[in-house]
Structures are given as structure tokens and as C-alpha cells.
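What follows is upload-v1.cif (mmCIF, C-alpha atoms).
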```
data_coords
loop_
_atom_site.label_atom_id
_atom_site.label_comp_id
_atom_site.auth_asym_id
_atom_site.auth_seq_id
_atom_site.Cartn_x
_atom_site.Cartn_y
_atom_site.Cartn_z
CA MET I 225 134.56 92.68 36.36
CA GLU I 226 134.43 92.45 40.15
CA ASN I 227 136.85 94.74 41.91
CA THR I 228 139.76 92.96 43.63
CA ALA I 229 140.32 95.52 46.39
CA LEU I 230 136.63 95.58 47.27
CA MET I 231 136.42 91.79 47.25
CA ASN I 232 139.34 91.52 49.64
CA GLY I 233 137.80 94.14 51.92
CA THR I 234 141.18 95.77 52.56
CA SER I 235 143.80 97.44 50.45
CA ARG I 236 146.93 95.60 51.49
CA GLY I 237 146.70 96.47 55.15
CA ASP I 238 146.05 100.16 54.55
CA LYS I 239 144.08 101.58 57.49
CA LEU I 240 142.38 104.12 55.24
CA CYS I 241 138.94 102.96 54.16
CA ILE I 242 137.47 106.08 52.53
CA GLN I 243 139.28 109.06 51.03
CA VAL I 244 137.38 112.01 49.59
CA GLU I 245 139.49 114.46 47.60
CA ASP I 246 138.38 117.90 46.38
CA LEU I 247 134.79 116.77 45.82
CA TRP I 248 132.23 119.07 44.18
CA LYS I 249 128.57 118.71 43.31
CA ILE I 250 127.14 121.55 41.25
CA PHE I 251 123.70 121.82 39.70
CA GLY I 252 123.43 124.02 36.60
CA ASP I 253 124.65 124.55 33.04
CA ASN I 254 127.85 126.55 33.62
CA VAL I 255 129.61 124.15 35.96
CA GLU I 256 133.13 124.80 34.64
CA GLN I 257 132.94 128.48 35.63
CA CYS I 258 132.62 127.47 39.28
CA TYR I 259 136.11 125.95 39.36
CA SER I 260 137.87 129.23 38.47
CA PRO I 261 140.12 130.79 41.15
CA GLU I 262 137.66 133.65 41.50
CA MET I 263 134.68 131.37 42.13
CA ARG I 264 136.56 128.96 44.42
CA GLY I 265 136.78 131.66 47.04
CA ALA I 266 133.24 132.94 46.53
CA SER I 267 130.15 132.16 48.58
CA LYS I 268 127.31 129.97 47.31
CA SER I 269 125.10 133.01 46.79
CA THR I 270 127.78 134.81 44.77
CA ILE I 271 128.36 131.75 42.58
CA LEU I 272 124.62 131.45 42.00
CA GLU I 273 124.37 135.12 41.06
CA LYS I 274 127.33 135.09 38.65
CA THR I 275 126.97 131.62 37.07
CA GLY I 276 123.41 130.51 37.71
CA CYS I 277 124.75 127.34 39.33
CA VAL I 278 123.80 125.91 42.70
CA VAL I 279 126.79 124.58 44.62
CA ALA I 280 125.66 121.68 46.82
CA ILE I 281 129.12 120.62 48.01
CA LYS I 282 132.40 122.40 47.39
CA GLU I 283 136.05 121.31 47.73
CA ILE I 284 135.27 118.53 50.21
CA SER I 285 138.26 116.50 51.41
CA PHE I 286 138.51 114.08 54.35
CA GLU I 287 139.66 110.59 55.24
CA VAL I 288 137.98 107.82 57.24
CA GLN I 289 139.99 105.09 58.91
CA ARG I 290 138.80 101.52 58.87
CA GLY I 291 136.46 100.94 61.84
CA ASP I 292 135.87 104.68 62.46
CA PHE I 293 132.49 106.09 63.46
CA PHE I 294 132.65 109.24 61.32
CA VAL I 295 129.82 111.75 61.76
CA ILE I 296 128.93 114.36 59.14
CA MET I 297 126.85 117.08 60.74
CA GLY I 298 125.40 120.41 59.80
CA LEU I 299 122.17 122.35 59.61
CA SER I 300 119.54 121.88 56.92
CA GLY I 301 120.94 122.84 53.52
CA SER I 302 124.59 122.41 54.54
CA GLY I 303 125.12 119.64 51.96
CA LYS I 304 125.58 116.69 54.30
CA SER I 305 122.96 114.42 52.68
CA THR I 306 124.22 115.28 49.20
CA LEU I 307 127.73 114.37 50.34
CA ILE I 308 126.82 110.93 51.68
CA ARG I 309 124.83 110.18 48.52
CA CYS I 310 127.83 111.16 46.41
CA ILE I 311 130.01 108.75 48.38
CA LEU I 312 127.75 105.90 47.27
CA ARG I 313 127.25 107.54 43.87
CA LEU I 314 123.50 107.70 44.27
CA ILE I 315 124.32 111.21 43.08
CA ASP I 316 127.26 111.59 40.71
CA PRO I 317 129.73 114.26 41.85
CA SER I 318 130.69 117.02 39.44
CA ALA I 319 134.42 116.81 40.21
CA GLY I 320 136.86 115.22 42.61
CA ARG I 321 137.66 111.69 43.71
CA ILE I 322 136.12 109.17 46.09
CA LEU I 323 138.47 106.33 46.99
CA ILE I 324 137.19 103.24 48.76
CA ASN I 325 139.93 100.80 49.70
CA GLY I 326 142.26 102.77 47.47
CA GLU I 327 140.15 102.71 44.29
CA ASP I 328 138.37 105.69 42.77
CA ILE I 329 134.73 104.70 42.52
CA CYS I 330 133.97 107.77 40.38
CA SER I 331 135.40 105.79 37.46
CA TYR I 332 133.26 102.71 38.12
CA ASP I 333 130.84 101.38 35.51
CA GLU I 334 127.35 100.13 36.41
CA GLN I 335 128.51 96.58 37.10
CA GLN I 336 131.23 97.75 39.50
CA LEU I 337 128.81 100.12 41.24
CA THR I 338 126.29 97.32 41.67
CA TYR I 339 128.96 95.18 43.32
CA LEU I 340 129.98 98.09 45.56
CA ARG I 341 126.42 98.67 46.73
CA ARG I 342 125.59 95.00 47.23
CA LYS I 343 128.79 93.74 48.81
CA THR I 344 130.95 96.53 50.25
CA THR I 345 128.46 99.14 51.45
CA ALA I 346 124.95 99.38 52.87
CA MET I 347 122.81 102.43 53.50
CA VAL I 348 120.11 103.19 56.06
CA PHE I 349 117.75 106.08 55.33
CA GLN I 350 115.66 108.28 57.60
CA GLN I 351 112.40 106.97 56.15
CA PHE I 352 113.33 103.31 56.78
CA GLY I 353 112.56 102.18 53.20
CA LEU I 354 110.90 98.93 54.27
CA PHE I 355 108.64 96.90 51.98
CA PRO I 356 105.17 97.20 53.57
CA HIS I 357 103.93 93.89 52.11
CA ARG I 358 106.94 91.86 53.35
CA ASN I 359 107.33 90.71 56.94
CA VAL I 360 110.37 91.56 59.07
CA LEU I 361 112.24 88.40 58.11
CA ASP I 362 111.76 88.96 54.38
CA ASN I 363 112.65 92.64 54.66
CA VAL I 364 115.92 91.79 56.41
CA ALA I 365 116.70 88.96 53.98
CA TYR I 366 115.96 91.05 50.89
CA GLY I 367 119.54 92.18 50.24
CA LEU I 368 120.72 88.58 50.50
CA LYS I 369 118.06 87.54 48.01
CA VAL I 370 119.33 90.17 45.57
CA GLN I 371 122.83 88.76 46.05
CA GLY I 372 121.57 85.34 44.98
CA ILE I 373 121.95 83.66 48.38
CA ASP I 374 119.74 80.56 48.66
CA GLU I 375 116.64 80.78 50.83
CA GLU I 376 117.85 78.60 53.70
CA GLU I 377 121.13 80.47 54.17
CA ARG I 378 119.64 83.94 53.83
CA TYR I 379 116.98 83.22 56.44
CA VAL I 380 119.61 81.87 58.84
CA ARG I 381 121.69 85.04 58.41
CA ALA I 382 118.61 87.26 58.58
CA ARG I 383 117.52 85.69 61.88
CA GLU I 384 121.02 86.21 63.30
CA VAL I 385 120.96 89.98 62.68
CA ILE I 386 117.32 90.24 63.79
CA ASN I 387 118.46 88.83 67.13
CA LYS I 388 121.38 91.30 67.20
CA VAL I 389 119.09 94.31 66.88
CA GLY I 390 116.68 93.01 69.52
CA LEU I 391 113.74 91.98 67.32
CA LYS I 392 113.63 88.26 68.02
CA GLY I 393 110.00 87.14 67.96
CA TRP I 394 108.95 89.80 65.44
CA GLU I 395 110.10 87.94 62.32
CA ASN I 396 106.58 87.33 60.94
CA TYR I 397 105.10 90.77 61.56
CA LEU I 398 104.58 93.39 58.86
CA PRO I 399 106.26 96.81 59.27
CA SER I 400 102.87 98.42 59.98
CA ALA I 401 102.69 96.49 63.26
CA LEU I 402 106.02 97.93 64.46
CA SER I 403 106.86 101.20 66.19
CA GLY I 404 109.15 103.73 64.51
CA GLY I 405 112.13 102.59 66.53
CA MET I 406 111.46 98.95 65.69
CA GLN I 407 111.13 99.76 61.99
CA GLN I 408 114.49 101.50 62.10
CA ARG I 409 115.97 98.39 63.72
CA VAL I 410 114.69 96.40 60.76
CA GLY I 411 116.42 98.85 58.42
CA ILE I 412 119.70 98.48 60.31
CA ALA I 413 119.32 94.69 60.38
CA ARG I 414 118.76 94.62 56.63
CA ALA I 415 121.92 96.66 56.13
CA LEU I 416 123.94 94.37 58.41
CA ALA I 417 122.63 91.15 56.86
CA THR I 418 124.77 91.56 53.75
CA GLU I 419 127.86 91.90 55.98
CA PRO I 420 129.04 95.16 54.40
CA GLU I 421 132.36 96.74 55.28
CA ILE I 422 130.90 100.25 55.26
CA LEU I 423 127.60 101.49 56.71
CA LEU I 424 126.15 104.83 55.62
CA LEU I 425 123.33 106.21 57.78
CA ASP I 426 121.50 109.34 56.67
CA GLU I 427 119.78 110.89 59.71
CA PRO I 428 118.35 107.49 60.67
CA PHE I 429 116.97 108.59 64.05
CA SER I 430 115.75 112.10 63.31
CA GLY I 431 112.11 111.05 62.91
CA LEU I 432 111.97 109.24 66.26
CA ASP I 433 110.73 110.47 69.63
CA PRO I 434 113.56 111.72 71.91
CA LEU I 435 113.44 108.74 74.27
CA ILE I 436 113.40 106.17 71.45
CA ARG I 437 116.13 108.14 69.71
CA ARG I 438 118.43 107.94 72.75
CA GLN I 439 117.75 104.22 73.03
CA MET I 440 118.60 103.70 69.36
CA GLN I 441 121.82 105.69 69.78
CA ASP I 442 122.83 103.50 72.72
CA GLU I 443 121.99 100.36 70.77
CA LEU I 444 124.01 101.54 67.78
CA ILE I 445 127.02 102.20 70.02
CA GLY I 446 126.73 98.70 71.44
CA LEU I 447 126.24 97.20 67.98
CA GLN I 448 129.31 99.00 66.62
CA ALA I 449 131.40 97.67 69.51
CA GLU I 450 130.37 94.20 68.39
CA VAL I 451 130.52 94.41 64.58
CA GLN I 452 133.26 97.07 64.13
CA LYS I 453 132.07 98.49 60.80
CA THR I 454 133.28 101.69 59.16
CA ILE I 455 130.33 104.03 59.70
CA LEU I 456 129.44 107.34 58.07
CA PHE I 457 126.56 108.87 60.02
CA VAL I 458 124.72 112.04 58.96
CA THR I 459 122.94 114.18 61.54
CA HIS I 460 121.90 117.76 62.25
CA ASP I 461 121.94 117.15 66.01
CA LEU I 462 125.12 118.20 67.84
CA ASP I 463 124.46 116.08 70.94
CA GLU I 464 123.97 113.03 68.73
CA ALA I 465 127.21 113.77 66.87
CA LEU I 466 129.18 114.21 70.10
CA LYS I 467 127.72 111.03 71.56
CA LEU I 468 128.30 108.76 68.56
CA GLY I 469 131.25 110.06 66.62
CA SER I 470 134.89 109.11 66.99
CA ARG I 471 135.47 111.98 64.53
CA ILE I 472 133.12 114.72 63.36
CA ALA I 473 133.01 116.80 60.18
CA ILE I 474 131.02 120.03 60.53
CA MET I 475 129.53 121.41 57.31
CA ARG I 476 128.27 124.85 56.33
CA ASP I 477 127.10 126.02 52.90
CA GLY I 478 128.43 122.91 51.18
CA GLU I 479 131.88 123.01 52.75
CA ILE I 480 133.53 121.19 55.62
CA ILE I 481 134.80 123.82 58.05
CA GLN I 482 136.21 121.54 60.75
CA VAL I 483 137.10 117.88 61.16
CA GLY I 484 138.17 116.50 64.52
CA THR I 485 137.31 114.45 67.55
CA PRO I 486 134.36 115.57 69.68
CA GLU I 487 136.88 117.04 72.12
CA ASP I 488 138.61 118.98 69.33
CA VAL I 489 135.33 120.51 68.25
CA ILE I 490 134.33 121.53 71.78
CA ILE I 491 137.73 122.68 73.05
CA THR I 492 139.20 124.26 69.91
CA PRO I 493 136.44 125.32 67.50
CA SER I 494 137.92 126.40 64.17
CA ASP I 495 135.94 129.64 63.78
CA ALA I 496 133.12 131.73 65.18
CA TYR I 497 130.47 129.61 63.45
CA VAL I 498 131.65 126.39 65.08
CA ARG I 499 132.12 128.21 68.39
CA GLU I 500 128.51 129.40 68.31
CA PHE I 501 127.34 126.00 67.13
CA VAL I 502 128.88 124.17 70.08
CA GLN I 503 128.46 126.81 72.78
CA ASP I 504 125.55 124.98 74.42
CA ALA I 505 127.22 121.59 74.32
CA SER I 506 128.26 120.10 77.64
CA PRO I 507 132.06 119.71 77.90
CA ALA I 508 131.51 117.19 80.70
CA ARG I 509 129.93 114.83 78.16
CA VAL I 510 132.80 115.13 75.71
CA ILE I 511 136.10 115.89 77.47
CA THR I 512 137.78 112.67 78.57
CA ALA I 513 140.04 111.62 81.41
CA LYS I 514 143.16 111.78 79.25
CA ASN I 515 142.67 115.57 78.94
CA ILE I 516 142.58 116.26 82.66
CA MET I 517 144.75 113.52 84.15
CA GLU I 518 148.12 114.39 85.69
CA GLN I 519 151.29 112.44 86.40
CA PRO I 520 151.91 111.83 90.11
CA ASN I 521 155.14 113.02 91.69
CA VAL I 522 155.94 109.53 92.89
CA LEU I 523 154.84 105.90 92.64
CA LEU I 524 155.44 102.85 94.81
CA TYR I 525 156.59 99.55 93.29
CA GLU I 526 155.62 96.04 94.37
CA TRP I 527 159.24 95.03 95.07
CA GLN I 528 159.66 97.77 97.67
CA GLY I 529 159.35 97.00 101.36
CA PRO I 530 157.13 98.84 103.88
CA LYS I 531 159.96 100.85 105.46
CA ALA I 532 161.26 102.03 102.09
CA ALA I 533 157.72 103.05 101.24
CA MET I 534 157.42 104.96 104.53
CA GLN I 535 160.55 106.91 103.65
CA THR I 536 158.92 107.87 100.35
CA PHE I 537 155.84 109.09 102.23
CA ARG I 538 158.02 111.23 104.53
CA THR I 539 159.93 112.70 101.60
CA THR I 540 156.88 113.59 99.52
CA LYS I 541 154.70 114.62 102.50
CA THR I 542 151.64 112.91 101.02
CA ASN I 543 149.06 110.57 102.53
CA SER I 544 148.47 108.20 99.60
CA ILE I 545 150.57 106.80 96.72
CA PHE I 546 149.66 104.40 93.91
CA LEU I 547 151.34 100.98 93.82
CA VAL I 548 152.32 99.44 90.47
CA SER I 549 153.83 96.13 89.35
CA HIS I 550 157.08 95.47 87.46
CA THR I 551 155.17 95.96 84.20
CA GLY I 552 153.39 99.13 85.29
CA VAL I 553 150.04 97.48 86.08
CA LEU I 554 148.14 99.33 88.80
CA LEU I 555 147.90 97.21 91.95
CA GLY I 556 146.11 99.75 94.11
CA LEU I 557 146.54 102.72 96.42
CA VAL I 558 148.67 102.61 99.56
CA THR I 559 147.57 105.05 102.26
CA LEU I 560 149.81 106.36 105.02
CA GLU I 561 147.41 105.11 107.68
CA ARG I 562 147.34 101.57 106.31
CA LEU I 563 151.11 101.54 105.76
CA ALA I 564 151.73 102.56 109.37
CA LYS I 565 149.42 99.75 110.54
CA LEU I 566 151.27 97.29 108.29
CA ILE I 567 154.63 98.24 109.82
CA ARG I 568 153.27 97.94 113.36
CA ASN I 569 152.02 94.44 112.54
CA ARG I 570 155.43 93.57 110.99
CA GLY I 571 153.91 92.96 107.57
CA THR I 572 156.20 92.59 104.56
CA SER I 573 154.06 93.18 101.45
CA LEU I 574 152.74 96.59 100.39
CA LYS I 575 149.71 94.82 98.94
CA GLU I 576 148.54 94.41 102.54
CA ALA I 577 148.30 98.21 102.85
CA LEU I 578 146.07 98.81 99.84
CA GLU I 579 142.89 100.85 100.06
CA PRO I 580 139.88 98.57 99.34
CA ASP I 581 137.42 99.12 96.49
CA LEU I 582 139.55 101.64 94.60
CA PRO I 583 137.59 103.15 91.68
CA THR I 584 139.40 103.42 88.34
CA CYS I 585 138.67 104.85 84.93
CA THR I 586 140.07 104.62 81.40
CA ALA I 587 141.52 107.39 79.25
CA ASP I 588 138.31 107.73 77.24
CA THR I 589 135.99 108.02 80.26
CA VAL I 590 134.14 111.34 79.97
CA ILE I 591 134.08 113.80 82.87
CA GLU I 592 130.35 113.28 83.39
CA GLU I 593 131.04 109.62 84.24
CA LEU I 594 133.72 110.67 86.73
CA PHE I 595 131.33 112.68 88.91
CA PRO I 596 129.99 109.67 90.89
CA LEU I 597 133.55 108.36 91.29
CA ALA I 598 134.66 111.67 92.77
CA VAL I 599 131.87 111.46 95.32
CA SER I 600 132.73 107.88 96.28
CA THR I 601 136.38 108.50 97.28
CA SER I 602 138.58 111.17 98.84
CA HIS I 603 141.62 109.98 96.89
CA PRO I 604 142.71 110.76 93.32
CA ILE I 605 141.16 108.50 90.66
CA PRO I 606 143.71 106.41 88.74
CA VAL I 607 143.53 106.18 84.93
CA VAL I 608 144.44 102.79 83.46
CA ASP I 609 144.70 101.37 79.95
CA GLU I 610 143.04 98.19 78.65
CA ALA I 611 145.79 96.06 80.20
CA GLY I 612 145.38 97.74 83.59
CA ARG I 613 148.61 99.72 83.29
CA PHE I 614 148.73 102.97 85.23
CA MET I 615 148.52 106.07 83.02
CA GLY I 616 147.90 108.96 85.41
CA GLU I 617 145.66 110.32 88.12
CA ILE I 618 142.76 112.73 88.33
CA TYR I 619 142.26 114.87 91.42
CA ASN I 620 138.74 115.14 92.78
CA SER I 621 139.11 118.91 92.82
CA THR I 622 139.57 118.89 89.04
CA ILE I 623 136.36 116.90 88.61
CA MET I 624 134.42 119.05 91.08
CA ILE I 625 135.55 122.25 89.34
CA SER I 626 134.25 120.79 86.07
CA MET I 627 130.93 120.03 87.78
CA ILE I 628 130.66 123.59 89.11
CA GLN I 629 131.48 125.05 85.69
CA GLU I 630 128.83 122.80 84.13
CA LYS I 631 126.24 124.02 86.65
CA GLU I 632 127.16 127.66 86.05
CA SER I 633 126.85 127.12 82.31
CA GLU I 634 123.34 125.67 82.76
CA GLU I 635 122.29 128.59 84.97
CA GLU I 636 123.60 131.10 82.43
CA THR I 637 121.58 129.38 79.71
CA ILE I 638 118.41 129.46 81.84
CA GLU I 639 118.97 133.15 82.66
CA GLY I 640 119.43 133.89 78.98
CA VAL I 641 116.16 132.17 78.08
CA GLU I 642 114.27 133.99 80.85
CA LYS I 643 115.61 137.37 79.67
CA GLU I 644 114.45 136.61 76.14
CA LYS I 645 110.96 135.97 77.55
#
```

Will you turn the file into C-alpha cells for me?
Amino acid sequence: MENTALMNGTSRGDKLCIQVEDLWKIFGDNVEQCYSPEMRGASKSTILEKTGCVVAIKEISFEVQRGDFFVIMGLSGSGKSTLIRCILRLIDPSAGRILINGEDICSYDEQQLTYLRRKTTAMVFQQFGLFPHRNVLDNVAYGLKVQGIDEEERYVRAREVINKVGLKGWENYLPSALSGGMQQRVGIARALATEPEILLLDEPFSGLDPLIRRQMQDELIGLQAEVQKTILFVTHDLDEALKLGSRIAIMRDGEIIQVGTPEDVIITPSDAYVREFVQDASPARVITAKNIMEQPNVLLYEWQGPKAAMQTFRTTKTNSIFLVSHTGVLLGLVTLERLAKLIRNRGTSLKEALEPDLPTCTADTVIEELFPLAVSTSHPIPVVDEAGRFMGEIYNSTIMISMIQEKESEEETIEGVEKEK
């Protein structure tokens, strides 16, 4: 019987899409011994020595919100690929629960699993998995064919996603005529064609050249902004995880040792392993404006007159103040020089004293993107929300200090490499 929660795509408005609870995958004959209190606290090597079992994943628990870009990262052998395969039950877990839209898929029969894999989820593998004898259009339409969609409709939908991934004009070519990056686009298009709620990507870009890999990352970010899927993305590359993930789970020896935003992982690593893992990561590419912005001592409001504003300037002994509307929307920056000119000309509106071409940023703008803004103005940079409401300001000195620290970090890394030589 088809599952109601999966068919509806949501579980009564619940924002949780995936919940993994105390998940284990153990290979061996004495699995039950591994769940004892003594073994739960033991390392993988100790468990192997005492029970003969290989623990692939151990006591894994995390949650993924609907629409999240959740990255699972770790070095080779950390268990990340086993974990993502368990979530789709390509590998059956030994213990624990996997809830998708509130239902435990570990209890699903073959018919329910087939529905889950065809309708609710789609997976993209590192090796593309394309049919070499089928052209791009037929490869992309394959999942729709399996679903029983008639030929005309499936080709219409396949062409739509082919256009989305930038392969228009390549519909009739075989995979052998495509580059690695283009083949991976076909894989992503095939996954999107079935309109799944959840996308699982297992190191999809790891076999690509660095330049193509960066391009594919950028394209995936843009695609996610458009389609808003729930994505689980597996990688061993920290820079890729920091670039793509809204949240990151770091794995080691089959366990998750930290889950958090990219900023959490960089700023507050949970232990020495994570600290060492992220030590070469650039904070300027991860830390956002909301972490360094400050609240100004004073604001000007659009209903105030020029002379009242001048009194505020005298009181605060500053040379620029942000002007906001009744609803808190940023209108601009009033400078002392322009205000004085406005008063001399007997002007009445503070909007006439605004600094032209004021740069702004949002709360999620990373420090690296603030560097050119800091160079372009001598004033603080205002932070605004999606509606243009004023949230805070960032001093150029704060940005420049971050730039200097970034440069020092690079020089220390270079010195370290040269010493090793």
C-alpha cells in the first residue's frame, strides 16, 4: 500500500523531513554483543578485536529540516557513504530508526521501499550511473519511464530539467560524447526529473577536475535556490562542505562527532580532531555579517527634520548616521557634511542629505564578500534583511582586521610547508 505521508510530501506541516535515531550498521556474526554498555563506549578496533564485528556506523542521530542542504563529511572510511545508503535502505541498518516525513522506513516492505525510491527520493552517485547506450534525453527520462509516465509527458519533463542543468542541445548525444561535468549534469537532471522531495548525493563531484568541480558546486547552489529540495550531500572535502552546506555533520570512525552550521564548525570545533580538520579553512569564507555586525549608538528617522538631526550629530560627535523609515527600512546614510549643506540651502527632508551609492549587505554575506565593499567606502556597511530593514552595521576596521588575519594565516601555512621541505 502506498504511504500516505510520503504521498502528501509533508507530515502535517512538520518542518522535519528526515530524522535518524541511534542508527547502527555492523558487519559480522556477533552483532548483539556490540550494543552492550561496554562496547558502546569502545573504539572500532576494540569492538573488532573482542567481537569480530566491523562497525561501519555507530549511534548516529541527527535531524534534517525540510529544504536544508545537509552535508555529511569525513575522511575515507569514516562511514559517510554507508550512512547515506542506509538512509535509502540500499544497505539495511543493524539497529535504529530512519524517519522520513514522520514514518520509520526501516519497517517498510519492498513495495513501500519501491515507492519511496521512485517518488520521494532520488540519488546521484559519484560514478554517474548513466546508460551508455541511451542518449541524454532517454537517460533523463528513464526514472519517469519506470514510474509509468507516458512517453510524451516524460520527454516534456525531461527536456525541462535538461534545460535547467544547462544541457539544452545535447539531448540526442550519448554519454560517451560528454565531458565528466556534463555527464554529472545528466545524473542530476535524471534525479530531478521525477520531482523527488529528497535528493541524496554521494560525492558527486569528487571525480571531476578542480575547475569543473567548482563550476558544478556553483550550479548546484543556483539549482537549489530554484528547486528548494531537501539535500543530503556526502563529501570528503572540507571546502566543498563549507561552501554548500547549511548544516554539516562531521564523521569519524563511524560516528558523528559534530553537527552545526559552517560557522559553528569553524568557530567552535567540538574537539581536537575537528579543530585540526578545520584549521586550514578560511574563516573569511564562512563567517557571515551577522557574526561581526554591531548595533549603532543612534539612528535617524525619516520624520525628523534637519535641525533635529544636527543636534543628534552634535550629541554623538559622529560624522555619519543611518536613516531609517517608520518601519525600520534603511533609507541611506546621512553625513554631517551633506546635512550641513542641506541646512544652508534651507532643505527640509533628510533624504536630500543621503550619501549616494551606499553599499549594503545581508546577514548571510560572508566576510570574503565584504572586502571589496570595505575598499569602496569609508563609512560603516549597513546590514539589511530581505525586506530592506536595517539590522546593524559593520565597521571597515573589523573587515580589514579579518583580511589581515587571513593573510597572516596564509603566510603561516606557506612557512610551515617550506620548513617541511

Calculate, to one decimal in Å, the centre and edge lengths of the box along x, y and z of the file that holds all listed atoms of stretch 253-260 of chain I with 6 Å of margin on each side, and present them as lines of an AutoDock Vina configuration file.
```
center_x = 131.3
center_y = 126.7
center_z = 36.2
size_x = 25.2
size_y = 17.1
size_z = 18.3
```

Test item: which residues lie within 10 Å of (117.0, 91.7, 51.9) counting all atoms listed in the file, as a ChimeraX atom specification: /I:354-355,360-371,378-379,382,411,413-418

Any chance you could work out the residue set of the PyMOL selection byres ((chain I and resi 409) around 9) here, as a PDB file with C-alpha atoms, keeping the file's coordinate frame?
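Generated output (part11.pdb):
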```
ATOM      1  CA  PHE I 352     113.330 103.310  56.780  1.00  0.00           C
ATOM      2  CA  ILE I 386     117.320  90.240  63.790  1.00  0.00           C
ATOM      3  CA  VAL I 389     119.090  94.310  66.880  1.00  0.00           C
ATOM      4  CA  GLY I 390     116.680  93.010  69.520  1.00  0.00           C
ATOM      5  CA  LEU I 391     113.740  91.980  67.320  1.00  0.00           C
ATOM      6  CA  GLY I 404     109.150 103.730  64.510  1.00  0.00           C
ATOM      7  CA  GLY I 405     112.130 102.590  66.530  1.00  0.00           C
ATOM      8  CA  MET I 406     111.460  98.950  65.690  1.00  0.00           C
ATOM      9  CA  GLN I 407     111.130  99.760  61.990  1.00  0.00           C
ATOM     10  CA  GLN I 408     114.490 101.500  62.100  1.00  0.00           C
ATOM     11  CA  VAL I 410     114.690  96.400  60.760  1.00  0.00           C
ATOM     12  CA  GLY I 411     116.420  98.850  58.420  1.00  0.00           C
ATOM     13  CA  ILE I 412     119.700  98.480  60.310  1.00  0.00           C
ATOM     14  CA  ALA I 413     119.320  94.690  60.380  1.00  0.00           C
ATOM     15  CA  ARG I 414     118.760  94.620  56.630  1.00  0.00           C
ATOM     16  CA  MET I 440     118.600 103.700  69.360  1.00  0.00           C
TER      17      MET I 440
END
```

Distance criterion (only C-alpha atoms): nearest to I:Met534 out of I:Lys565, I:His357, I:Arg499, I:His603: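 Of I:Lys565, I:His357, I:Arg499, I:His603, the one nearest I:Met534, counting only C-alpha atoms, is I:Lys565.
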
Which of I:Leu582, I:Leu524, I:Ala587, I:Ile511 sits closest to I:Leu563 [using only C-alpha atoms]: I:Leu524

Selection result of the PyMOL selection byres ((chain I and resi 601) around 12) on this file, as a ChimeraX atom specification: /I:557,579-584,594-600,602-606,618-621

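Each of I:Phe501, I:Tyr339, I:Trp527, I:Phe349 was compared to I:Gly431 using all atoms listed in the file, and I:Phe349 turns out to be the nearest.
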
Result set, the PyMOL selection byres ((chain I and resi 295) around 7) on current file, as a VMD selection string: chain I and resid 293 to 294 296 to 297 456 to 458 465 469 471 to 473

Interatomic distance (Å, one decimal) between atom CA of I:Asp316 and atom CA of I:Ile242: 16.6 Å

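Proximity of I:Met475, I:Leu560, I:Ser506, I:Asp461 to I:Glu487, computed with all atoms listed in the file, is greatest for I:Ser506.
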
Point-to-point distance in Å for atom CA of I:Gly291 and atom CA of I:Arg381: 22.0 Å

Among listed residues I:Glu561, I:Asp292, I:Phe251, I:Ser300, nearest I:Thr485 (using all atoms listed in the file): I:Asp292

Selection: 12 Å around I:Ala505, all atoms listed in the file, excl. self and same-chain fewer than 2 positions, as a list in words: Asp461, Leu462, Asp463, Glu464, Ala465, Leu466, Lys467, Pro486, Glu487, Val489, Ile490, Ile491, Val498, Arg499, Glu500, Phe501, Val502, Gln503, Pro507, Ala508, Arg509, Val510, Ile511, Glu630, Ser633, Glu634 and Thr637 of chain I

Among the residues I:Ser430, I:Leu468, I:Asn515, I:Asp246, the one that comes closest to I:Ile445 [using all atoms listed in the file]: I:Leu468

Coordinates-based distance that separates atom CA of I:Glu395 from atom CA of I:Glu376 (Å, one decimal): 14.9 Å

Can I get stretch 569-583 of chain I with N, CA and C atoms filled in, as a PDB file, keeping the file's coordinate frame?
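Everything below was put into result.pdb:
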```pdb
ATOM      1  N   ASN I 569     152.328  95.874 112.506  1.00  0.00           N
ATOM      2  CA  ASN I 569     152.020  94.440 112.540  1.00  0.00           C
ATOM      3  C   ASN I 569     153.123  93.581 111.918  1.00  0.00           C
ATOM      4  N   ARG I 570     154.264  94.247 111.574  1.00  0.00           N
ATOM      5  CA  ARG I 570     155.430  93.570 110.990  1.00  0.00           C
ATOM      6  C   ARG I 570     155.098  92.870 109.664  1.00  0.00           C
ATOM      7  N   GLY I 571     154.220  93.497 108.894  1.00  0.00           N
ATOM      8  CA  GLY I 571     153.910  92.960 107.570  1.00  0.00           C
ATOM      9  C   GLY I 571     155.050  93.220 106.601  1.00  0.00           C
ATOM     10  N   THR I 572     155.075  92.469 105.507  1.00  0.00           N
ATOM     11  CA  THR I 572     156.200  92.590 104.560  1.00  0.00           C
ATOM     12  C   THR I 572     155.781  93.003 103.153  1.00  0.00           C
ATOM     13  N   SER I 573     154.514  92.885 102.816  1.00  0.00           N
ATOM     14  CA  SER I 573     154.060  93.180 101.450  1.00  0.00           C
ATOM     15  C   SER I 573     153.206  94.442 101.431  1.00  0.00           C
ATOM     16  N   LEU I 574     153.520  95.346 100.508  1.00  0.00           N
ATOM     17  CA  LEU I 574     152.740  96.590 100.390  1.00  0.00           C
ATOM     18  C   LEU I 574     151.301  96.314  99.952  1.00  0.00           C
ATOM     19  N   LYS I 575     151.076  95.160  99.366  1.00  0.00           N
ATOM     20  CA  LYS I 575     149.710  94.820  98.940  1.00  0.00           C
ATOM     21  C   LYS I 575     148.765  94.729 100.141  1.00  0.00           C
ATOM     22  N   GLU I 576     149.352  94.499 101.336  1.00  0.00           N
ATOM     23  CA  GLU I 576     148.540  94.410 102.540  1.00  0.00           C
ATOM     24  C   GLU I 576     148.087  95.785 103.029  1.00  0.00           C
ATOM     25  N   ALA I 577     148.643  96.850 102.427  1.00  0.00           N
ATOM     26  CA  ALA I 577     148.300  98.210 102.850  1.00  0.00           C
ATOM     27  C   ALA I 577     147.444  98.940 101.826  1.00  0.00           C
ATOM     28  N   LEU I 578     146.852  98.181 100.905  1.00  0.00           N
ATOM     29  CA  LEU I 578     146.070  98.810  99.840  1.00  0.00           C
ATOM     30  C   LEU I 578     144.682  99.229 100.325  1.00  0.00           C
ATOM     31  N   GLU I 579     144.241 100.362  99.802  1.00  0.00           N
ATOM     32  CA  GLU I 579     142.890 100.850 100.060  1.00  0.00           C
ATOM     33  C   GLU I 579     141.901  99.932  99.332  1.00  0.00           C
ATOM     34  N   PRO I 580     140.843  99.460 100.010  1.00  0.00           N
ATOM     35  CA  PRO I 580     139.880  98.570  99.340  1.00  0.00           C
ATOM     36  C   PRO I 580     138.965  99.328  98.386  1.00  0.00           C
ATOM     37  N   ASP I 581     138.456  98.592  97.404  1.00  0.00           N
ATOM     38  CA  ASP I 581     137.420  99.120  96.490  1.00  0.00           C
ATOM     39  C   ASP I 581     137.853 100.426  95.821  1.00  0.00           C
ATOM     40  N   LEU I 582     139.051 100.439  95.260  1.00  0.00           N
ATOM     41  CA  LEU I 582     139.550 101.640  94.600  1.00  0.00           C
ATOM     42  C   LEU I 582     138.886 101.815  93.240  1.00  0.00           C
ATOM     43  N   PRO I 583     138.198 102.927  93.000  1.00  0.00           N
ATOM     44  CA  PRO I 583     137.590 103.150  91.680  1.00  0.00           C
ATOM     45  C   PRO I 583     138.660 103.510  90.659  1.00  0.00           C
TER      46      PRO I 583
END
```
